[in-house]
file structure17.txt (compact mmCIF, C-alpha atoms)
# COMPACT_ATOMS: atom_id res chain seq x y z
CA MET A 27 -42.88 -42.81 -20.23
CA VAL A 28 -46.58 -42.29 -19.39
CA LYS A 29 -47.07 -46.05 -19.05
CA TYR A 30 -44.02 -46.23 -16.77
CA MET A 31 -45.33 -43.36 -14.64
CA ASP A 32 -48.68 -45.14 -14.34
CA ASP A 33 -46.87 -48.24 -13.07
CA VAL A 34 -44.80 -46.25 -10.59
CA HIS A 35 -47.81 -44.45 -9.13
CA LYS A 36 -49.56 -47.80 -8.89
CA LYS A 37 -46.62 -49.25 -6.94
CA TYR A 38 -46.54 -46.20 -4.67
CA TRP A 39 -50.22 -46.52 -3.87
CA GLN A 40 -49.97 -50.30 -3.56
CA TYR A 41 -47.29 -49.86 -0.90
CA THR A 42 -49.28 -47.16 0.90
CA LEU A 43 -52.58 -49.01 0.87
CA THR A 44 -50.98 -52.31 1.92
CA ARG A 45 -49.44 -50.63 4.94
CA GLU A 46 -52.75 -49.00 5.77
CA SER A 47 -54.82 -52.18 5.86
CA ILE A 48 -53.76 -55.70 5.00
CA MET A 49 -56.33 -57.65 2.95
CA THR A 50 -58.87 -54.82 3.16
CA THR A 51 -60.46 -52.99 0.25
CA LEU A 52 -60.25 -49.24 0.85
CA ARG A 53 -62.57 -46.70 -0.72
CA THR A 54 -60.41 -44.12 -2.49
CA ALA A 55 -60.94 -40.67 -3.97
CA ILE A 56 -59.05 -37.76 -5.52
CA ILE A 57 -59.14 -34.06 -4.68
CA GLY A 58 -58.17 -31.90 -7.66
CA CYS A 59 -58.43 -32.73 -11.36
CA GLY A 60 -55.10 -31.39 -12.63
CA LYS A 61 -52.65 -33.18 -14.91
CA VAL A 62 -51.25 -35.48 -12.21
CA ALA A 63 -54.71 -36.69 -11.13
CA ASP A 64 -54.95 -39.21 -13.97
CA PHE A 65 -51.84 -41.01 -12.70
CA HIS A 66 -53.47 -41.44 -9.29
CA ALA A 67 -56.80 -42.42 -10.80
CA LYS A 68 -55.27 -45.16 -12.95
CA ALA A 69 -53.38 -46.48 -9.95
CA PHE A 70 -56.57 -46.55 -7.87
CA VAL A 71 -58.46 -48.33 -10.63
CA ASN A 72 -55.85 -51.05 -11.05
CA LEU A 73 -55.13 -51.80 -7.41
CA PRO A 74 -57.01 -54.84 -6.08
CA ASP A 75 -57.22 -53.31 -2.60
CA SER A 76 -58.68 -50.01 -3.85
CA GLN A 77 -62.23 -49.17 -4.79
CA PHE A 78 -62.00 -45.84 -6.61
CA VAL A 79 -65.34 -44.12 -6.13
CA ALA A 80 -65.18 -40.32 -6.26
CA VAL A 81 -63.41 -37.13 -7.28
CA TYR A 82 -63.62 -33.56 -5.98
CA ASP A 83 -62.93 -30.28 -7.72
CA ARG A 84 -64.13 -26.83 -6.79
CA ASN A 85 -65.38 -26.65 -10.38
CA LEU A 86 -68.13 -29.28 -10.45
CA GLN A 87 -68.25 -29.46 -14.26
CA ARG A 88 -64.53 -30.17 -14.33
CA ALA A 89 -64.99 -32.90 -11.73
CA GLN A 90 -67.86 -34.42 -13.72
CA LYS A 91 -65.77 -34.46 -16.90
CA PHE A 92 -62.94 -36.17 -15.04
CA ALA A 93 -65.28 -38.67 -13.38
CA GLU A 94 -67.07 -39.80 -16.53
CA PRO A 95 -64.47 -42.21 -18.00
CA TYR A 96 -63.87 -43.76 -14.57
CA LYS A 97 -67.60 -44.12 -13.87
CA ILE A 98 -67.24 -42.52 -10.44
CA HIS A 99 -69.12 -39.75 -8.63
CA ALA A 100 -68.15 -36.07 -8.87
CA TYR A 101 -68.34 -33.55 -6.02
CA ASP A 102 -67.61 -29.91 -5.28
CA ASP A 103 -67.89 -30.45 -1.50
CA ILE A 104 -65.08 -32.40 0.22
CA ARG A 105 -66.95 -33.25 3.40
CA ALA A 106 -69.99 -34.41 1.49
CA MET A 107 -67.86 -36.63 -0.74
CA ILE A 108 -66.03 -38.28 2.14
CA SER A 109 -69.19 -38.73 4.19
CA LYS A 110 -71.51 -39.99 1.43
CA GLU A 111 -68.92 -42.23 -0.23
CA HIS A 112 -67.36 -43.48 3.05
CA ILE A 113 -63.89 -42.58 1.79
CA ASP A 114 -60.88 -44.12 3.52
CA VAL A 115 -58.01 -42.54 1.55
CA VAL A 116 -57.72 -39.38 -0.57
CA SER A 117 -55.07 -38.17 -3.01
CA ILE A 118 -54.45 -34.42 -2.89
CA CYS A 119 -53.73 -33.39 -6.49
CA THR A 120 -54.41 -29.66 -6.27
CA PRO A 121 -51.83 -26.94 -7.08
CA HIS A 122 -49.14 -26.33 -4.43
CA PRO A 123 -50.76 -23.40 -2.62
CA ALA A 124 -54.02 -25.36 -2.40
CA HIS A 125 -52.63 -28.47 -0.70
CA ALA A 126 -53.13 -27.60 2.96
CA ALA A 127 -56.78 -26.51 3.08
CA PRO A 128 -58.34 -29.54 1.32
CA ALA A 129 -55.97 -31.92 3.09
CA ILE A 130 -57.00 -30.58 6.48
CA GLU A 131 -60.68 -30.66 5.53
CA ALA A 132 -60.36 -34.24 4.28
CA MET A 133 -58.67 -35.43 7.47
CA LYS A 134 -61.25 -33.73 9.65
CA ALA A 135 -63.94 -35.44 7.58
CA GLY A 136 -62.36 -38.84 8.29
CA ALA A 137 -59.92 -39.69 5.48
CA HIS A 138 -56.21 -40.45 5.38
CA ILE A 139 -54.31 -38.44 2.76
CA LEU A 140 -51.45 -38.68 0.30
CA VAL A 141 -50.25 -35.31 -1.02
CA GLU A 142 -48.45 -34.57 -4.24
CA LYS A 143 -45.04 -32.94 -3.74
CA PRO A 144 -44.27 -30.51 -2.27
CA MET A 145 -46.29 -31.08 0.88
CA ALA A 146 -47.31 -27.40 0.91
CA SER A 147 -46.08 -23.95 -0.07
CA SER A 148 -44.97 -22.98 3.45
CA LEU A 149 -43.68 -24.57 6.64
CA GLU A 150 -46.71 -23.13 8.44
CA ASP A 151 -49.05 -25.08 6.16
CA CYS A 152 -47.01 -28.25 6.62
CA ASP A 153 -47.11 -27.85 10.40
CA SER A 154 -50.87 -27.28 10.30
CA MET A 155 -51.41 -30.44 8.24
CA LEU A 156 -49.29 -32.52 10.62
CA ALA A 157 -51.04 -31.08 13.66
CA VAL A 158 -54.47 -32.02 12.28
CA ALA A 159 -53.20 -35.48 11.34
CA GLU A 160 -52.12 -36.01 14.95
CA GLN A 161 -55.38 -34.65 16.34
CA GLU A 162 -57.52 -36.74 14.01
CA HIS A 163 -55.26 -39.83 14.12
CA LYS A 164 -54.82 -39.78 10.35
CA LYS A 165 -51.90 -40.73 8.17
CA VAL A 166 -50.20 -38.21 5.87
CA GLY A 167 -47.85 -39.14 3.06
CA VAL A 168 -46.09 -37.12 0.37
CA ILE A 169 -45.52 -38.49 -3.13
CA SER A 170 -41.92 -39.60 -3.63
CA GLN A 171 -42.48 -42.07 -6.45
CA ARG A 172 -38.89 -42.24 -7.66
CA ARG A 173 -38.19 -44.45 -4.65
CA PHE A 174 -40.13 -47.06 -6.57
CA TYR A 175 -38.04 -46.82 -9.74
CA ARG A 176 -36.32 -50.18 -9.97
CA PRO A 177 -32.77 -48.72 -10.21
CA CYS A 178 -33.42 -46.53 -7.16
CA MET A 179 -34.62 -49.53 -5.19
CA ARG A 180 -31.54 -51.54 -6.19
CA ILE A 181 -29.30 -48.75 -4.90
CA LYS A 182 -31.09 -48.76 -1.55
CA GLN A 183 -30.75 -52.53 -1.36
CA ALA A 184 -27.03 -52.32 -2.16
CA ILE A 185 -26.46 -49.70 0.54
CA ASP A 186 -28.44 -51.65 3.14
CA ALA A 187 -26.51 -54.81 2.23
CA GLY A 188 -23.21 -53.02 2.94
CA LYS A 189 -21.90 -53.37 -0.61
CA ILE A 190 -20.32 -49.90 -0.55
CA GLY A 191 -19.44 -49.99 3.12
CA LYS A 192 -20.62 -47.02 5.14
CA PRO A 193 -22.08 -44.23 2.94
CA VAL A 194 -19.77 -41.24 3.39
CA LEU A 195 -20.57 -38.95 0.46
CA GLY A 196 -23.83 -38.23 -1.36
CA ALA A 197 -24.32 -36.01 -4.38
CA VAL A 198 -27.32 -34.64 -6.28
CA ARG A 199 -27.09 -33.07 -9.73
CA MET A 200 -30.36 -31.87 -11.24
CA LEU A 201 -29.78 -29.71 -14.32
CA GLY A 202 -33.08 -28.86 -15.95
CA TRP A 203 -34.86 -26.07 -17.79
CA ARG A 204 -38.11 -24.19 -17.41
CA ASP A 205 -39.19 -21.53 -19.91
CA LYS A 206 -41.48 -18.53 -19.57
CA PRO A 207 -44.61 -20.32 -20.85
CA TYR A 208 -44.14 -22.86 -18.06
CA TYR A 209 -44.12 -20.16 -15.40
CA ASP A 210 -47.00 -18.34 -17.11
CA SER A 211 -49.14 -21.49 -17.11
CA ASP A 212 -50.30 -20.92 -13.51
CA PRO A 213 -50.32 -17.63 -11.57
CA TRP A 214 -48.75 -19.24 -8.49
CA ARG A 215 -45.66 -20.54 -10.32
CA GLY A 216 -42.42 -18.72 -9.63
CA THR A 217 -43.78 -16.84 -6.60
CA TRP A 218 -42.80 -17.08 -2.95
CA ASP A 219 -46.40 -17.03 -1.75
CA GLY A 220 -47.72 -19.51 -4.30
CA GLU A 221 -44.89 -21.94 -4.99
CA GLY A 222 -42.91 -21.40 -1.81
CA GLY A 223 -39.63 -21.61 -3.71
CA GLY A 224 -38.25 -22.58 -7.07
CA VAL A 225 -36.12 -25.48 -8.23
CA LEU A 226 -35.55 -26.73 -4.67
CA VAL A 227 -39.29 -26.94 -3.96
CA ASN A 228 -40.78 -28.00 -7.27
CA GLN A 229 -38.27 -29.84 -9.48
CA ALA A 230 -35.52 -31.21 -7.21
CA PRO A 231 -37.55 -32.75 -4.32
CA HIS A 232 -37.43 -36.20 -5.95
CA GLN A 233 -33.63 -36.24 -6.03
CA LEU A 234 -33.40 -34.69 -2.57
CA ASP A 235 -35.76 -37.35 -1.23
CA LEU A 236 -33.55 -40.10 -2.65
CA LEU A 237 -30.47 -38.49 -1.10
CA LEU A 238 -32.12 -38.48 2.33
CA TRP A 239 -33.38 -42.05 1.84
CA TYR A 240 -29.87 -43.23 1.08
CA MET A 241 -27.88 -41.07 3.51
CA GLY A 242 -30.13 -40.56 6.54
CA GLU A 243 -31.08 -37.49 8.53
CA VAL A 244 -29.37 -34.12 8.16
CA ASP A 245 -27.39 -32.45 10.97
CA GLU A 246 -26.25 -29.25 9.25
CA VAL A 247 -26.83 -27.62 5.88
CA TYR A 248 -25.37 -24.53 4.22
CA GLY A 249 -26.55 -23.24 0.89
CA VAL A 250 -26.87 -20.34 -1.51
CA TRP A 251 -29.34 -19.67 -4.28
CA ARG A 252 -29.56 -17.42 -7.31
CA ASN A 253 -31.91 -16.51 -10.13
CA PHE A 254 -29.64 -16.50 -13.17
CA ASN A 255 -31.89 -16.21 -16.22
CA HIS A 256 -35.55 -16.02 -15.14
CA PRO A 257 -36.08 -12.31 -14.37
CA TYR A 258 -39.85 -12.75 -14.54
CA ILE A 259 -40.04 -15.00 -11.42
CA GLU A 260 -39.39 -14.24 -7.74
CA VAL A 261 -37.81 -17.53 -6.70
CA GLU A 262 -34.52 -19.29 -7.34
CA ASP A 263 -33.71 -21.10 -10.56
CA THR A 264 -30.38 -22.41 -9.21
CA ALA A 265 -29.17 -23.56 -5.78
CA VAL A 266 -26.07 -25.15 -4.26
CA ALA A 267 -25.81 -26.75 -0.81
CA VAL A 268 -23.30 -28.53 1.42
CA ILE A 269 -24.73 -31.05 3.89
CA LYS A 270 -23.44 -32.76 7.02
CA PHE A 271 -25.47 -35.85 7.86
CA LYS A 272 -26.07 -37.08 11.40
CA ASN A 273 -24.01 -40.19 10.70
CA GLY A 274 -20.99 -38.01 9.87
CA ALA A 275 -21.29 -38.34 6.10
CA LEU A 276 -21.16 -35.33 3.78
CA GLY A 277 -23.35 -34.32 0.86
CA ASN A 278 -23.43 -31.87 -2.01
CA VAL A 279 -26.43 -30.58 -3.95
CA VAL A 280 -26.35 -28.69 -7.26
CA VAL A 281 -29.74 -28.06 -8.83
CA SER A 282 -30.83 -25.69 -11.59
CA ASN A 283 -33.71 -24.80 -13.87
CA SER A 284 -31.47 -22.62 -16.02
CA GLN A 285 -29.74 -25.23 -18.19
CA ASN A 286 -31.15 -25.09 -21.72
CA PRO A 287 -31.57 -27.70 -23.06
CA ALA A 288 -32.37 -29.67 -19.92
CA LEU A 289 -29.81 -32.36 -19.14
CA TYR A 290 -30.56 -34.80 -16.31
CA GLY A 291 -31.30 -35.51 -12.67
CA LYS A 292 -28.79 -37.78 -10.91
CA VAL A 293 -28.09 -39.08 -7.40
CA HIS A 294 -24.82 -40.77 -6.38
CA VAL A 295 -23.65 -42.29 -3.11
CA TYR A 296 -20.06 -43.27 -2.31
CA GLY A 297 -18.93 -45.56 0.49
CA ASP A 298 -15.88 -45.84 2.73
CA ASN A 299 -14.69 -48.97 0.90
CA GLY A 300 -14.18 -46.98 -2.31
CA ALA A 301 -17.29 -48.26 -4.08
CA GLY A 302 -20.18 -46.11 -5.23
CA VAL A 303 -23.68 -46.39 -6.65
CA GLY A 304 -25.70 -43.91 -8.67
CA VAL A 305 -28.81 -43.42 -10.74
CA GLN A 306 -30.11 -41.03 -13.36
CA THR A 307 -33.74 -40.51 -12.46
CA ASP A 308 -34.60 -37.98 -15.17
CA GLY A 309 -33.29 -36.91 -18.54
CA GLY A 310 -33.99 -34.03 -20.88
CA ALA A 311 -37.11 -31.97 -20.32
CA MET A 312 -38.40 -33.29 -17.01
CA PHE A 313 -41.95 -33.36 -15.72
CA ALA A 314 -43.28 -30.23 -14.02
call {"tool": "encode", "arguments": {"input": "structure17.txt", "output": "structure tokens"}}
result
Amino acid sequence: MVKYMDDVHKKYWQYTLTRESIMTTLRTAIIGCGKVADFHAKAFVNLPDSQFVAVYDRNLQRAQKFAEPYKIHAYDDIRAMISKEHIDVVSICTPHPAHAAPAIEAMKAGAHILVEKPMASSLEDCDSMLAVAEQEHKKVGVISQRRFYRPCMRIKQAIDAGKIGKPVLGAVRMLGWRDKPYYDSDPWRGTWDGEGGGVLVNQAPHQLDLLLWYMGEVDEVYGVWRNFNHPYIEVEDTAVAVIKFKNGALGNVVVSNSQNPALYGKVHVYGDNGAGVGVQTDGGAMFA
């Protein structure tokens, strides 16, 4: 699974960097040395159009430890890193509540950014990031790597080729589990201020992204949420939604972190000719 995730992050970055500059080697860096940072680092190292040169963390010793096996430079100052290393593109791999500030600082210093999901912990932070991107003429992307899973790509190709007719019904089922040690692992987890939400914000965005990719933009949405068996967190562990898409299609979302053991994450799309396509993107205990 780790090898597969490395390949998927590589494909994601390959797509992003190719769009950014054809036949140009871009100088790349990472902000934040958490568990997802290694996926980005390995992708940067293996991409022919990336020169991976630096990493930032507010803890310089942590950055130096991360930098050593990659033989890159470590920093605890974002502007200094981007300026001295002439960085073109930065991955934001910090915890959720710490996405906006370093992303904004990086863009103001001259770099394009790709942010781990979710984009931020609040709509205000998202709006601020987009406003700075427009002001500084920088590109902002959010990691949605399951689009690059081969089965997910085949579904998109089938829909675009008209093999199911017009998509009229989309469904997401994400039935996972998170225990107390998971929520205790970081102080921001399970809080409105820190995480910005629960299963909808942190675990289900990949499936929700696929649904939107397949079905198009949303016109109306109605939903309810509950916390069924995590009394030690503020946010939802279960949510249900009904969606009306702008093209007239309908959608249904059922997501939960309260199914023990964890089961799966699935996305299905059904067309007006009676055919349907679907994919299981995750199974068992899913990544955080």
call {"tool": "closest_residue", "arguments": {"input": "structure17.txt", "among": "A:Tyr82, A:Tyr296, A:Tyr96, A:Phe271", "to": "Ile181 of chain A", "atoms": "only C-alpha atoms"}}
result
A:Tyr296
call {"tool": "atom_distance", "arguments": {"input": "structure17.txt", "atom1": "atom CA of Pro257 of chain A", "atom2": "atom CA of Tyr208 of chain A"}}
result
13.8 Å
call {"tool": "closest_residue", "arguments": {"input": "structure17.txt", "among": "A:Met241, A:Leu201, A:Val168, A:Ala267", "to": "Pro287 of chain A", "atoms": "all atoms listed in the file"}}
result
A:Leu201
call {"tool": "atom_distance", "arguments": {"input": "structure17.txt", "atom1": "atom CA of Asp219 of chain A", "atom2": "atom CA of Val116 of chain A"}}
result
25.1 Å
call {"tool": "residues_near_point", "arguments": {"input": "structure17.txt", "point": "(-69.0, -37.4, -9.8)", "cutoff": "9 Å", "atoms": "only C-alpha atoms", "output": "short mmCIF file (atom, residue, chain, number, x, y, z; two decimals) with C-alpha atoms, in the coordinates of the input"}}
result
data_model
loop_
_atom_site.label_atom_id
_atom_site.label_comp_id
_atom_site.auth_asym_id
_atom_site.auth_seq_id
_atom_site.Cartn_x
_atom_site.Cartn_y
_atom_site.Cartn_z
CA VAL A 79 -65.34 -44.12 -6.13
CA ALA A 80 -65.18 -40.32 -6.26
CA VAL A 81 -63.41 -37.13 -7.28
CA TYR A 82 -63.62 -33.56 -5.98
CA LEU A 86 -68.13 -29.28 -10.45
CA ALA A 89 -64.99 -32.90 -11.73
CA GLN A 90 -67.86 -34.42 -13.72
CA LYS A 91 -65.77 -34.46 -16.90
CA PHE A 92 -62.94 -36.17 -15.04
CA ALA A 93 -65.28 -38.67 -13.38
CA GLU A 94 -67.07 -39.80 -16.53
CA LYS A 97 -67.60 -44.12 -13.87
CA ILE A 98 -67.24 -42.52 -10.44
CA HIS A 99 -69.12 -39.75 -8.63
CA ALA A 100 -68.15 -36.07 -8.87
CA TYR A 101 -68.34 -33.55 -6.02
CA ASP A 102 -67.61 -29.91 -5.28
#
call {"tool": "residues_around", "arguments": {"input": "structure17.txt", "residues": "segment 281-284 of chain A", "least_positions_apart": "6", "cutoff": "6 Å", "atoms": "only C-alpha atoms", "output": "PDB file with C-alpha atoms, keeping the file's coordinate frame"}}
result
ATOM      1  CA  ARG A 199     -27.090 -33.070  -9.730  1.00  0.00           C
ATOM      2  CA  MET A 200     -30.360 -31.870 -11.240  1.00  0.00           C
ATOM      3  CA  LEU A 201     -29.780 -29.710 -14.320  1.00  0.00           C
ATOM      4  CA  GLY A 202     -33.080 -28.860 -15.950  1.00  0.00           C
ATOM      5  CA  TRP A 203     -34.860 -26.070 -17.790  1.00  0.00           C
ATOM      6  CA  ARG A 204     -38.110 -24.190 -17.410  1.00  0.00           C
ATOM      7  CA  ASP A 263     -33.710 -21.100 -10.560  1.00  0.00           C
ATOM      8  CA  THR A 264     -30.380 -22.410  -9.210  1.00  0.00           C
ATOM      9  CA  ALA A 265     -29.170 -23.560  -5.780  1.00  0.00           C
TER      10      ALA A 265
END
call {"tool": "atom_distance", "arguments": {"input": "structure17.txt", "atom1": "atom CA of Pro231 of chain A", "atom2": "atom CA of Asp212 of chain A"}}
result
19.7 Å
call {"tool": "closest_residue", "arguments": {"input": "structure17.txt", "among": "A:Gly58, A:Ala124, A:Leu156, A:Arg176", "to": "Arg88 of chain A", "atoms": "only C-alpha atoms"}}
result
A:Gly58
